[in-house]
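*Asks:* My file is my_file.cif. It has mmCIF, C-alpha atoms:
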data_structure
loop_
_atom_site.group_PDB
_atom_site.id
_atom_site.type_symbol
_atom_site.label_atom_id
_atom_site.label_comp_id
_atom_site.auth_asym_id
_atom_site.auth_seq_id
_atom_site.Cartn_x
_atom_site.Cartn_y
_atom_site.Cartn_z
ATOM 1 C CA MET A 1 0.000 0.000 0.000
ATOM 2 C CA GLU A 2 1.395 3.382 -0.982
ATOM 3 C CA SER A 3 2.198 5.808 1.800
ATOM 4 C CA SER A 4 0.598 9.230 1.913
ATOM 5 C CA ASN A 5 3.856 10.819 0.722
ATOM 6 C CA GLU A 6 4.070 8.414 -2.209
ATOM 7 C CA MET A 7 0.471 9.198 -3.161
ATOM 8 C CA HIS A 8 1.115 12.937 -3.017
ATOM 9 C CA ASN A 9 4.283 12.586 -5.102
ATOM 10 C CA LYS A 10 2.305 10.576 -7.623
ATOM 11 C CA ILE A 11 -0.350 13.323 -7.760
ATOM 12 C CA VAL A 12 2.293 15.995 -8.334
ATOM 13 C CA MET A 13 3.931 13.970 -11.101
ATOM 14 C CA MET A 14 0.604 13.212 -12.773
ATOM 15 C CA LYS A 15 -0.307 16.887 -12.766
ATOM 16 C CA GLN A 16 3.080 17.913 -14.163
ATOM 17 C CA SER A 17 2.670 15.408 -16.985
ATOM 18 C CA PHE A 18 -0.473 17.273 -18.146
ATOM 19 C CA PHE A 19 1.749 20.253 -18.950
ATOM 20 C CA ASP A 20 4.925 18.437 -20.027
ATOM 21 C CA GLU A 21 2.972 16.338 -22.529
ATOM 22 C CA GLY A 22 1.103 19.349 -23.895
ATOM 23 C CA PHE A 23 -2.383 18.356 -22.784
ATOM 24 C CA LEU A 24 -3.076 21.405 -20.651
ATOM 25 C CA ILE A 25 -1.767 24.941 -20.312
ATOM 26 C CA ALA A 26 -0.205 25.219 -16.849
ATOM 27 C CA THR A 27 -1.205 28.821 -16.143
ATOM 28 C CA GLN A 28 -4.873 28.149 -16.913
ATOM 29 C CA PHE A 29 -4.957 25.003 -14.762
ATOM 30 C CA GLN A 30 -3.341 26.948 -11.935
ATOM 31 C CA GLN A 31 -5.928 29.705 -12.404
ATOM 32 C CA LEU A 32 -8.705 27.146 -11.928
ATOM 33 C CA GLU A 33 -6.969 25.769 -8.833
ATOM 34 C CA LEU A 34 -6.859 29.289 -7.384
ATOM 35 C CA LEU A 35 -10.641 29.343 -7.536
ATOM 36 C CA GLN A 36 -10.876 26.401 -5.144
ATOM 37 C CA ASP A 37 -11.518 27.151 -1.510
ATOM 38 C CA ARG A 38 -13.233 25.594 1.483
ATOM 39 C CA ASP A 39 -16.669 26.051 -0.131
ATOM 40 C CA ASN A 40 -15.526 24.958 -3.586
ATOM 41 C CA VAL A 41 -13.054 22.174 -2.834
ATOM 42 C CA LYS A 42 -13.726 20.220 -6.022
ATOM 43 C CA PHE A 43 -14.089 23.164 -8.376
ATOM 44 C CA VAL A 44 -11.411 22.005 -10.839
ATOM 45 C CA ARG A 45 -12.775 18.466 -10.963
ATOM 46 C CA ASP A 46 -16.322 19.793 -11.387
ATOM 47 C CA VAL A 47 -15.229 22.036 -14.260
ATOM 48 C CA PHE A 48 -13.549 19.147 -16.063
ATOM 49 C CA CYS A 49 -16.539 16.848 -15.461
ATOM 50 C CA LEU A 50 -18.822 19.520 -16.867
ATOM 51 C CA PHE A 51 -16.488 20.043 -19.828
ATOM 52 C CA PHE A 52 -16.541 16.376 -20.839
ATOM 53 C CA THR A 53 -20.315 16.092 -20.404
ATOM 54 C CA ASP A 54 -21.003 19.311 -22.277
ATOM 55 C CA THR A 55 -18.613 18.623 -25.162
ATOM 56 C CA THR A 56 -20.549 15.428 -25.913
ATOM 57 C CA ARG A 57 -23.558 17.653 -26.530
ATOM 58 C CA LYS A 58 -21.504 20.232 -28.469
ATOM 59 C CA PHE A 59 -20.062 17.495 -30.702
ATOM 60 C CA ALA A 60 -23.577 16.222 -31.455
ATOM 61 C CA GLU A 61 -24.667 19.741 -32.519
ATOM 62 C CA ILE A 62 -21.665 20.077 -34.816
ATOM 63 C CA GLU A 63 -22.146 16.596 -36.260
ATOM 64 C CA GLN A 64 -25.763 17.353 -37.099
ATOM 65 C CA ILE A 65 -24.766 20.378 -39.156
ATOM 66 C CA LEU A 66 -21.875 18.561 -40.844
ATOM 67 C CA ARG A 67 -24.380 16.034 -42.239
ATOM 68 C CA GLN A 68 -26.009 18.823 -44.233
ATOM 69 C CA GLU A 69 -24.783 21.418 -46.663
ATOM 70 C CA ILE A 70 -23.518 24.290 -44.565
ATOM 71 C CA ASP A 71 -25.126 27.502 -45.756
ATOM 72 C CA GLY A 72 -27.434 30.221 -44.537
ATOM 73 C CA LYS A 73 -28.587 29.674 -40.997
ATOM 74 C CA GLN A 74 -26.550 26.450 -40.701
ATOM 75 C CA ARG A 75 -23.442 28.482 -41.430
ATOM 76 C CA GLU A 76 -24.299 30.986 -38.702
ATOM 77 C CA ASP A 77 -25.028 28.167 -36.271
ATOM 78 C CA MET A 78 -21.796 26.355 -37.129
ATOM 79 C CA ASN A 79 -19.801 29.551 -36.630
ATOM 80 C CA ARG A 80 -21.408 30.019 -33.238
ATOM 81 C CA PHE A 81 -20.907 26.352 -32.228
ATOM 82 C CA LEU A 82 -17.240 26.455 -33.184
ATOM 83 C CA HIS A 83 -16.540 29.606 -31.196
ATOM 84 C CA ARG A 84 -18.509 28.327 -28.225
ATOM 85 C CA LEU A 85 -16.445 25.145 -28.299
ATOM 86 C CA LYS A 86 -13.278 27.213 -28.569
ATOM 87 C CA GLY A 87 -14.337 29.311 -25.582
ATOM 88 C CA SER A 88 -14.847 26.356 -23.284
ATOM 89 C CA VAL A 89 -11.636 24.683 -24.488
ATOM 90 C CA LEU A 90 -9.735 27.902 -23.756
ATOM 91 C CA SER A 91 -11.265 28.092 -20.299
ATOM 92 C CA ILE A 92 -9.806 24.754 -19.253
ATOM 93 C CA GLY A 93 -6.590 25.331 -21.211
ATOM 94 C CA ALA A 94 -6.869 22.128 -23.259
ATOM 95 C CA LEU A 95 -4.062 22.828 -25.718
ATOM 96 C CA LYS A 96 -4.265 19.802 -28.013
ATOM 97 C CA ILE A 97 -8.035 20.150 -28.354
ATOM 98 C CA LEU A 98 -7.592 23.882 -28.988
ATOM 99 C CA ASN A 99 -5.220 23.181 -31.881
ATOM 100 C CA GLY A 100 -7.875 20.980 -33.466
ATOM 101 C CA VAL A 101 -10.660 23.528 -32.911
ATOM 102 C CA ASN A 102 -8.536 26.289 -34.461
ATOM 103 C CA LYS A 103 -8.058 24.089 -37.530
ATOM 104 C CA MET A 104 -11.807 23.515 -37.706
ATOM 105 C CA ILE A 105 -12.403 27.282 -37.624
ATOM 106 C CA GLN A 106 -9.750 27.868 -40.303
ATOM 107 C CA PHE A 107 -11.208 25.191 -42.609
ATOM 108 C CA PHE A 108 -14.718 26.521 -41.958
ATOM 109 C CA GLU A 109 -13.647 29.996 -43.077
ATOM 110 C CA GLU A 110 -12.056 28.433 -46.186
ATOM 111 C CA ASP A 111 -15.230 26.395 -46.919
ATOM 112 C CA ASN A 112 -13.110 23.252 -46.801
ATOM 113 C CA ALA A 113 -15.612 20.551 -45.787
ATOM 114 C CA GLU A 114 -13.070 17.718 -45.848
ATOM 115 C CA GLY A 115 -10.691 19.719 -43.720
ATOM 116 C CA ILE A 116 -13.428 20.454 -41.167
ATOM 117 C CA MET A 117 -14.280 16.753 -40.903
ATOM 118 C CA ALA A 118 -10.655 15.722 -40.452
ATOM 119 C CA ALA A 119 -10.040 18.407 -37.829
ATOM 120 C CA PHE A 120 -13.257 17.439 -36.065
ATOM 121 C CA GLU A 121 -12.069 13.840 -35.800
ATOM 122 C CA GLN A 122 -8.846 15.160 -34.267
ATOM 123 C CA VAL A 123 -10.814 17.248 -31.764
ATOM 124 C CA LYS A 124 -12.935 14.268 -30.711
ATOM 125 C CA MET A 125 -9.860 12.064 -30.345
ATOM 126 C CA GLU A 126 -7.981 14.641 -28.278
ATOM 127 C CA SER A 127 -11.012 15.162 -26.051
ATOM 128 C CA ALA A 128 -11.177 11.431 -25.352
ATOM 129 C CA ASN A 129 -7.405 11.337 -24.752
ATOM 130 C CA LEU A 130 -7.630 14.218 -22.290
ATOM 131 C CA ARG A 131 -10.370 12.492 -20.367
ATOM 132 C CA VAL A 132 -8.290 9.315 -20.098
ATOM 133 C CA LYS A 133 -5.349 11.444 -18.961
ATOM 134 C CA VAL A 134 -7.044 13.516 -16.232
ATOM 135 C CA GLU A 135 -9.602 11.062 -14.869
ATOM 136 C CA PRO A 136 -7.065 9.001 -12.834
ATOM 137 C CA TYR A 137 -5.648 12.227 -11.388
ATOM 138 C CA PHE A 138 -9.007 13.348 -9.992
ATOM 139 C CA GLN A 139 -9.733 9.830 -8.760
ATOM 140 C CA LEU A 140 -6.428 9.807 -6.921
ATOM 141 C CA LEU A 141 -7.166 13.224 -5.398
ATOM 142 C CA GLU A 142 -10.451 11.827 -4.143
ATOM 143 C CA GLN A 143 -8.677 8.819 -2.636
ATOM 144 C CA VAL A 144 -6.117 10.951 -0.863
ATOM 145 C CA GLY A 145 -8.792 13.286 0.484
ATOM 146 C CA SER A 146 -8.247 16.707 2.002
ATOM 147 C CA PHE A 147 -6.238 15.454 4.998
ATOM 148 C CA GLY A 148 -4.066 13.026 3.084
ATOM 149 C CA GLU A 149 -5.852 9.933 4.386
ATOM 150 C CA VAL A 150 -6.709 7.175 1.938
ATOM 151 C CA VAL A 151 -10.482 6.869 1.637
ATOM 152 C CA SER A 152 -12.647 4.577 -0.505
ATOM 153 C CA PRO A 153 -12.702 5.794 -4.109
ATOM 154 C CA GLU A 154 -16.017 6.699 -5.707
ATOM 155 C CA PRO A 155 -16.774 7.111 -9.411
ATOM 156 C CA GLN A 156 -15.989 10.668 -10.531
ATOM 157 C CA PHE A 157 -16.868 10.745 -14.190
ATOM 158 C CA GLU A 158 -19.904 9.399 -16.029
ATOM 159 C CA SER A 159 -19.013 6.473 -18.264
ATOM 160 C CA SER A 160 -18.672 7.393 -21.894
ATOM 161 C CA ALA A 161 -18.383 5.462 -25.123
ATOM 162 C CA GLU A 162 -15.592 7.850 -26.066
ATOM 163 C CA SER A 163 -13.363 6.887 -23.180
ATOM 164 C CA GLN A 164 -14.011 3.207 -23.868
ATOM 165 C CA ALA A 165 -13.075 3.630 -27.529
ATOM 166 C CA THR A 166 -9.613 4.961 -26.738
ATOM 167 C CA LYS A 167 -8.671 2.232 -24.206
ATOM 168 C CA MET B 1 -6.641 43.354 -7.345
ATOM 169 C CA ALA B 2 -9.367 45.763 -6.201
ATOM 170 C CA PRO B 3 -9.619 46.009 -2.425
ATOM 171 C CA GLN B 4 -12.142 43.641 -0.957
ATOM 172 C CA ASN B 5 -14.373 46.416 0.440
ATOM 173 C CA LEU B 6 -14.677 48.002 -3.005
ATOM 174 C CA ALA B 7 -15.325 44.696 -4.752
ATOM 175 C CA THR B 8 -18.058 43.658 -2.322
ATOM 176 C CA GLN B 9 -20.092 46.746 -3.312
ATOM 177 C CA LEU B 10 -20.127 45.692 -6.936
ATOM 178 C CA THR B 11 -22.603 43.588 -8.857
ATOM 179 C CA ALA B 12 -22.047 41.828 -12.140
ATOM 180 C CA LEU B 13 -23.969 40.011 -14.854
ATOM 181 C CA VAL B 14 -22.286 37.204 -16.814
ATOM 182 C CA VAL B 15 -23.812 36.815 -20.262
ATOM 183 C CA ASP B 16 -22.575 33.640 -21.957
ATOM 184 C CA ASP B 17 -24.321 30.705 -23.606
ATOM 185 C CA ASP B 18 -21.575 28.307 -22.560
ATOM 186 C CA ILE B 19 -22.189 26.682 -19.182
ATOM 187 C CA ILE B 20 -18.468 26.145 -18.518
ATOM 188 C CA ASN B 21 -17.556 29.761 -19.145
ATOM 189 C CA ARG B 22 -20.468 30.975 -17.026
ATOM 190 C CA LYS B 23 -19.361 28.703 -14.189
ATOM 191 C CA ILE B 24 -15.752 29.876 -14.308
ATOM 192 C CA HIS B 25 -16.530 33.567 -14.775
ATOM 193 C CA GLN B 26 -19.103 33.553 -11.997
ATOM 194 C CA ARG B 27 -16.659 31.796 -9.673
ATOM 195 C CA LEU B 28 -13.947 34.311 -10.584
ATOM 196 C CA LEU B 29 -16.275 37.171 -9.660
ATOM 197 C CA GLU B 30 -17.413 35.418 -6.492
ATOM 198 C CA SER B 31 -13.790 34.866 -5.442
ATOM 199 C CA VAL B 32 -13.225 38.626 -5.306
ATOM 200 C CA GLY B 33 -16.523 39.332 -3.578
ATOM 201 C CA VAL B 34 -18.532 40.559 -6.574
ATOM 202 C CA GLN B 35 -22.178 39.501 -6.338
ATOM 203 C CA ASN B 36 -23.211 38.140 -9.690
ATOM 204 C CA GLN B 37 -25.798 36.403 -11.827
ATOM 205 C CA GLY B 38 -25.519 34.505 -15.084
ATOM 206 C CA VAL B 39 -27.755 34.465 -18.149
ATOM 207 C CA LYS B 40 -27.539 32.377 -21.313
ATOM 208 C CA ASN B 41 -27.928 34.912 -24.119
ATOM 209 C CA GLY B 42 -28.263 38.558 -25.006
ATOM 210 C CA LYS B 43 -32.051 38.547 -24.862
ATOM 211 C CA GLU B 44 -32.015 37.331 -21.256
ATOM 212 C CA ALA B 45 -29.540 40.109 -20.473
ATOM 213 C CA VAL B 46 -31.869 42.702 -22.000
ATOM 214 C CA ASP B 47 -34.920 41.194 -20.285
ATOM 215 C CA ILE B 48 -33.284 41.284 -16.864
ATOM 216 C CA HIS B 49 -32.641 45.000 -17.371
ATOM 217 C CA CYS B 50 -36.205 45.545 -18.578
ATOM 218 C CA ARG B 51 -37.317 44.094 -15.252
ATOM 219 C CA GLY B 52 -35.392 46.870 -13.517
ATOM 220 C CA GLN B 53 -32.187 45.141 -12.439
ATOM 221 C CA ARG B 54 -28.937 46.993 -12.820
ATOM 222 C CA PHE B 55 -25.332 45.863 -12.582
ATOM 223 C CA ASP B 56 -22.027 47.660 -12.212
ATOM 224 C CA LEU B 57 -20.374 45.262 -14.632
ATOM 225 C CA ILE B 58 -21.638 43.147 -17.520
ATOM 226 C CA LEU B 59 -19.336 40.461 -18.957
ATOM 227 C CA MET B 60 -20.692 39.954 -22.457
ATOM 228 C CA ASP B 61 -19.882 37.023 -24.712
ATOM 229 C CA MET B 62 -20.132 37.629 -28.449
ATOM 230 C CA ASP B 63 -21.481 34.422 -29.972
ATOM 231 C CA MET B 64 -24.814 33.511 -28.459
ATOM 232 C CA PRO B 65 -28.136 32.226 -29.815
ATOM 233 C CA ILE B 66 -31.346 34.310 -29.982
ATOM 234 C CA MET B 67 -29.468 37.588 -29.421
ATOM 235 C CA ASN B 68 -25.682 37.800 -29.709
ATOM 236 C CA GLY B 69 -23.357 40.051 -27.733
ATOM 237 C CA ILE B 70 -23.188 42.784 -30.362
ATOM 238 C CA GLU B 71 -26.974 43.021 -30.612
ATOM 239 C CA ALA B 72 -27.413 42.890 -26.842
ATOM 240 C CA THR B 73 -24.799 45.583 -26.228
ATOM 241 C CA LYS B 74 -26.437 47.898 -28.774
ATOM 242 C CA GLU B 75 -29.842 47.262 -27.228
ATOM 243 C CA LEU B 76 -28.638 47.911 -23.674
ATOM 244 C CA ARG B 77 -26.953 51.152 -24.720
ATOM 245 C CA SER B 78 -30.093 52.279 -26.552
ATOM 246 C CA MET B 79 -32.013 51.616 -23.315
ATOM 247 C CA GLY B 80 -29.652 54.033 -21.580
ATOM 248 C CA ILE B 81 -27.744 51.387 -19.634
ATOM 249 C CA ARG B 82 -24.397 52.905 -18.708
ATOM 250 C CA SER B 83 -22.957 49.934 -16.830
ATOM 251 C CA MET B 84 -19.433 48.921 -17.721
ATOM 252 C CA ILE B 85 -19.885 46.335 -20.469
ATOM 253 C CA VAL B 86 -16.808 44.226 -21.139
ATOM 254 C CA GLY B 87 -16.744 41.918 -24.127
ATOM 255 C CA VAL B 88 -15.226 38.497 -23.357
ATOM 256 C CA SER B 89 -14.887 36.242 -26.380
ATOM 257 C CA SER B 90 -12.733 33.674 -28.126
ATOM 258 C CA ARG B 91 -12.695 35.945 -31.186
ATOM 259 C CA CYS B 92 -9.276 37.423 -31.750
ATOM 260 C CA THR B 93 -9.071 39.237 -35.093
ATOM 261 C CA GLU B 94 -8.900 43.026 -35.056
ATOM 262 C CA ALA B 95 -11.954 43.335 -37.266
ATOM 263 C CA GLU B 96 -14.080 41.145 -34.985
ATOM 264 C CA ILE B 97 -12.972 42.975 -31.842
ATOM 265 C CA LEU B 98 -13.548 46.379 -33.456
ATOM 266 C CA LYS B 99 -17.070 45.411 -34.515
ATOM 267 C CA PHE B 100 -17.828 44.330 -30.937
ATOM 268 C CA MET B 101 -16.302 47.483 -29.430
ATOM 269 C CA GLU B 102 -18.302 49.676 -31.799
ATOM 270 C CA ALA B 103 -21.511 48.149 -30.415
ATOM 271 C CA GLY B 104 -20.823 50.032 -27.186
ATOM 272 C CA LEU B 105 -18.327 48.076 -25.114
ATOM 273 C CA ASN B 106 -16.110 49.797 -22.566
ATOM 274 C CA ASP B 107 -13.442 47.152 -22.898
ATOM 275 C CA TYR B 108 -12.699 43.770 -24.467
ATOM 276 C CA HIS B 109 -10.774 40.748 -23.243
ATOM 277 C CA GLU B 110 -9.979 37.594 -25.129
ATOM 278 C CA LYS B 111 -10.950 34.350 -23.378
ATOM 279 C CA PRO B 112 -9.931 32.881 -21.035
ATOM 280 C CA LEU B 113 -10.762 35.410 -18.367
ATOM 281 C CA ASN B 114 -8.432 35.203 -15.361
ATOM 282 C CA THR B 115 -7.788 37.061 -12.119
ATOM 283 C CA ALA B 116 -5.300 39.468 -13.746
ATOM 284 C CA LYS B 117 -7.780 40.487 -16.465
ATOM 285 C CA LEU B 118 -10.592 40.755 -13.916
ATOM 286 C CA SER B 119 -8.383 42.948 -11.721
ATOM 287 C CA SER B 120 -7.818 45.384 -14.553
ATOM 288 C CA ILE B 121 -11.569 45.451 -15.243
ATOM 289 C CA LEU B 122 -12.491 46.088 -11.598
ATOM 290 C CA ASP B 123 -9.809 48.748 -11.261
ATOM 291 C CA ASN B 124 -11.582 50.713 -13.994
ATOM 292 C CA ILE B 125 -14.954 50.636 -12.277
ATOM 293 C CA ASN B 126 -15.892 53.696 -10.314
ATOM 294 C CA PRO B 127 -17.853 52.537 -7.251
ATOM 295 C CA ASN B 128 -19.820 55.813 -7.310
ATOM 296 C CA PHE B 129 -20.976 55.231 -10.875
ATOM 297 C CA THR B 130 -24.724 55.893 -11.220
ATOM 298 C CA SER B 131 -26.710 54.039 -13.829
ATOM 299 C CA ASP B 132 -30.313 54.910 -14.719
#
For this file, write the structure as structure tokens.
*Replies:*
Amino acid sequence: MESSNEMHNKIVMMKQSFFDEGFLIATQFQQLELLQDRDNVKFVRDVFCLFFTDTTRKFAEIEQILRQEIDGKQREDMNRFLHRLKGSVLSIGALKILNGVNKMIQFFEEDNAEGIMAAFEQVKMESANLRVKVEPYFQLLEQVGSFGEVVSPEPQFESSAESQATK
Amino acid sequence: MAPQNLATQLTALVVDDDIINRKIHQRLLESVGVQNQGVKNGKEAVDIHCRGQRFDLILMDMDMPIMNGIEATKELRSMGIRSMIVGVSSRCTEAEILKFMEAGLNDYHEKPLNTAKLSSILDNINPNFTSD
């Protein structure tokens, strides 16, 4: 059984890997951590949970439009969906997903349907990869608890076909 | 960062259709003692003002359904709302920012909003500002 110190070291290393491997922007993650306090102890975890749940819905909206010819109102909607996705990705500092979303926006402005589809696949893949990357970290935080004691783990994220597909 | 006693006198409205951005921006405001509410689009922002509510600060997203940030800002200004309206968006080209500013913004910040950006916004707010 790992000691409390070993668990904490593991947590620190896991978090550092988010930044070293280019998944997350360190300053933005630290900004979210600053917003945690006694009344909002799981704020960062809650934000990431919400992000993964909400992006499933955002992806479905985008997919629906991509099945049609994008013009008129669909074009306006797509523009809005893409920038809304970009906004939430920026807010959690998800760098690899952001790169994909920026490509989607660029291809959208160039009317490059194939490019949008390819970039969209990249965005979905990176979102699933991020979830696989951060989920164990938040689970470990839950295990360690606020006083460093090991407590029984409880499920933190809703199960998703996306996370299953990347395992 | 604005002193706590100044910040606790202020009220803010977060206008953003994205639930994650609303959550983060509202928590940012709460962390510095600014009482705040969130709405999902420009029309809800206009409606809340039509009902008589006023805010020292409005954080306005650009891309929203029903009524976007540009339309909502124009509408609020035409209603005589003189609150500080700060555009907060993922848009980054000069042309897009200029178009948003011309709608009546006092300031614009590119997402993500953070404590440093919020500090600069709050530092510009006069606590004795009177809105009608």
*Asks:* Kindly assemble as a tab-separated table a list of the region 18-115 of chain A residues that lie within 8 Å of region 73-91 of chain B, each paired with its nearest atom pair and their distance in Å to one decimal, using all atoms listed in the file, sorted first by chain and then by ascending residue number.
*Replies:*
residue	atom	partner	partner_atom	distance
A:His83	CA	B:Ser90	CA	6.4
A:Arg84	CA	B:Ser90	CA	7.9
A:Lys86	CA	B:Ser90	CA	6.5
A:Gly87	CA	B:Ser90	CA	5.3
A:Leu90	CA	B:Ser90	CA	7.8
*Asks:* Using only C-alpha atoms, please write the residues we just selected to a file, as an mmCIF file, in the frame of the given file.
*Replies:*
data_model
loop_
_atom_site.group_PDB
_atom_site.id
_atom_site.type_symbol
_atom_site.label_atom_id
_atom_site.label_comp_id
_atom_site.auth_asym_id
_atom_site.auth_seq_id
_atom_site.Cartn_x
_atom_site.Cartn_y
_atom_site.Cartn_z
ATOM 1 C CA HIS A 83 -16.540 29.606 -31.196
ATOM 2 C CA ARG A 84 -18.509 28.327 -28.225
ATOM 3 C CA LYS A 86 -13.278 27.213 -28.569
ATOM 4 C CA GLY A 87 -14.337 29.311 -25.582
ATOM 5 C CA LEU A 90 -9.735 27.902 -23.756
#
*Asks:* Evaluate the PyMOL selection byres ((chain A) within 12 of (chain B)) and record the selected residues as number ranges by chain, following the chain and residue labels used in the document.
*Replies:* A: 25, 27-40, 43-44, 46-55, 57-58, 73, 76-94, 98, 101-102, 105
*Asks:* In Å, rounded to a single decimal, give me how far CA of Val14 (chain B) is from CA of Val39 (chain B).
*Replies:*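 A separation of 6.3 Å between them.
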*Asks:* Enclose the full set of atoms of region 107-117 of chain B listed in the file within a box whose edges lie along x, y and z, apply 4 Å of padding to each of the six sides, and report centre and edge lengths in Å to one decimal as JSON.
*Replies:*
{"center_x": -9.4, "center_y": 40.0, "center_z": -18.6, "size_x": 16.1, "size_y": 22.3, "size_z": 21.0}
*Asks:* So that I can check the surroundings of Met101 (chain B), please list as an MDAnalysis selection string every protein, DNA and RNA residue that reaches within 10 Å of it, counting only C-alpha atoms and ignoring chain neighbours fewer than 3 positions away.
*Replies:* chainID B and resid 70 73 85:87 95:98 104:108
*Asks:* Select, from B:Asn124, B:His109, B:Gln9, B:Phe100, the residue with the minimum atom-to-atom distance to Gly69 (chain B), counting only C-alpha atoms.
*Replies:*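 Counting only C-alpha atoms, the residue closest to Gly69 (chain B) is B:Phe100.
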*Asks:* Go ahead and compute the interatomic distance for CA of Phe23 (chain A) and CA of Arg45 (chain A), in Å to one decimal.
*Replies:* 15.7 Å
*Asks:* Report as a short mmCIF file (atom, residue, chain, number, x, y, z; two decimals) with C-alpha atoms, keeping the file's coordinate frame all protein, DNA and RNA residues lying within 9 Å of Leu141 (chain A), evaluated on only C-alpha atoms, omitting residues in the same chain fewer than 4 positions from it.
*Replies:*
data_model
loop_
_atom_site.label_atom_id
_atom_site.label_comp_id
_atom_site.auth_asym_id
_atom_site.auth_seq_id
_atom_site.Cartn_x
_atom_site.Cartn_y
_atom_site.Cartn_z
CA MET A 7 0.47 9.20 -3.16
CA HIS A 8 1.12 12.94 -3.02
CA ILE A 11 -0.35 13.32 -7.76
CA PRO A 136 -7.06 9.00 -12.83
CA TYR A 137 -5.65 12.23 -11.39
CA GLY A 145 -8.79 13.29 0.48
CA SER A 146 -8.25 16.71 2.00
#
*Asks:* Show me, as a ChimeraX atom specification, the residues that have an atom within 9 Å of Leu13 (chain B) when counting all atoms listed in the file, minus same-chain residues fewer than 6 positions from it.
*Replies:* /B:26,35-39,45,54-60
*Asks:* Produce a file of the selected residues containing C-alpha atoms, as an mmCIF file, keeping the file's coordinate frame.
*Replies:*
data_model
loop_
_atom_site.group_PDB
_atom_site.id
_atom_site.type_symbol
_atom_site.label_atom_id
_atom_site.label_comp_id
_atom_site.auth_asym_id
_atom_site.auth_seq_id
_atom_site.Cartn_x
_atom_site.Cartn_y
_atom_site.Cartn_z
ATOM 1 C CA GLN B 26 -19.103 33.553 -11.997
ATOM 2 C CA GLN B 35 -22.178 39.501 -6.338
ATOM 3 C CA ASN B 36 -23.211 38.140 -9.690
ATOM 4 C CA GLN B 37 -25.798 36.403 -11.827
ATOM 5 C CA GLY B 38 -25.519 34.505 -15.084
ATOM 6 C CA VAL B 39 -27.755 34.465 -18.149
ATOM 7 C CA ALA B 45 -29.540 40.109 -20.473
ATOM 8 C CA ARG B 54 -28.937 46.993 -12.820
ATOM 9 C CA PHE B 55 -25.332 45.863 -12.582
ATOM 10 C CA ASP B 56 -22.027 47.660 -12.212
ATOM 11 C CA LEU B 57 -20.374 45.262 -14.632
ATOM 12 C CA ILE B 58 -21.638 43.147 -17.520
ATOM 13 C CA LEU B 59 -19.336 40.461 -18.957
ATOM 14 C CA MET B 60 -20.692 39.954 -22.457
#
*Asks:* Would you mind telling me which residue in A:Met125, A:Met14, A:Ile65, A:Ile116 lies nearest to Ile97 (chain A) when using all atoms listed in the file?
*Replies:*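 So, comparing all the options, the nearest one is A:Met125.
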*Asks:* Do you have the CA of Ile66 (chain B)-CA of Met117 (chain A) distance handy?
*Replies:*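 Taking CA of Ile66 (chain B) and CA of Met117 (chain A), their separation equals 26.8 Å.
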*Asks:* So which one's closest to Ala60 (chain A), A:Phe120, A:Gln16, A:Glu126, A:Glu142? Using all atoms listed in the file, please.
*Replies:*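 Using all atoms listed in the file, Ala60 (chain A) sits closest to A:Phe120.
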*Asks:* Give the answer as one residue: which of B:Ala72, B:Leu10, B:Ala103, B:Leu118 has the shortest atom-to-atom distance to Asn41 (chain B), using only C-alpha atoms?
*Replies:*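 Closest residue, counting only C-alpha atoms: B:Ala72.
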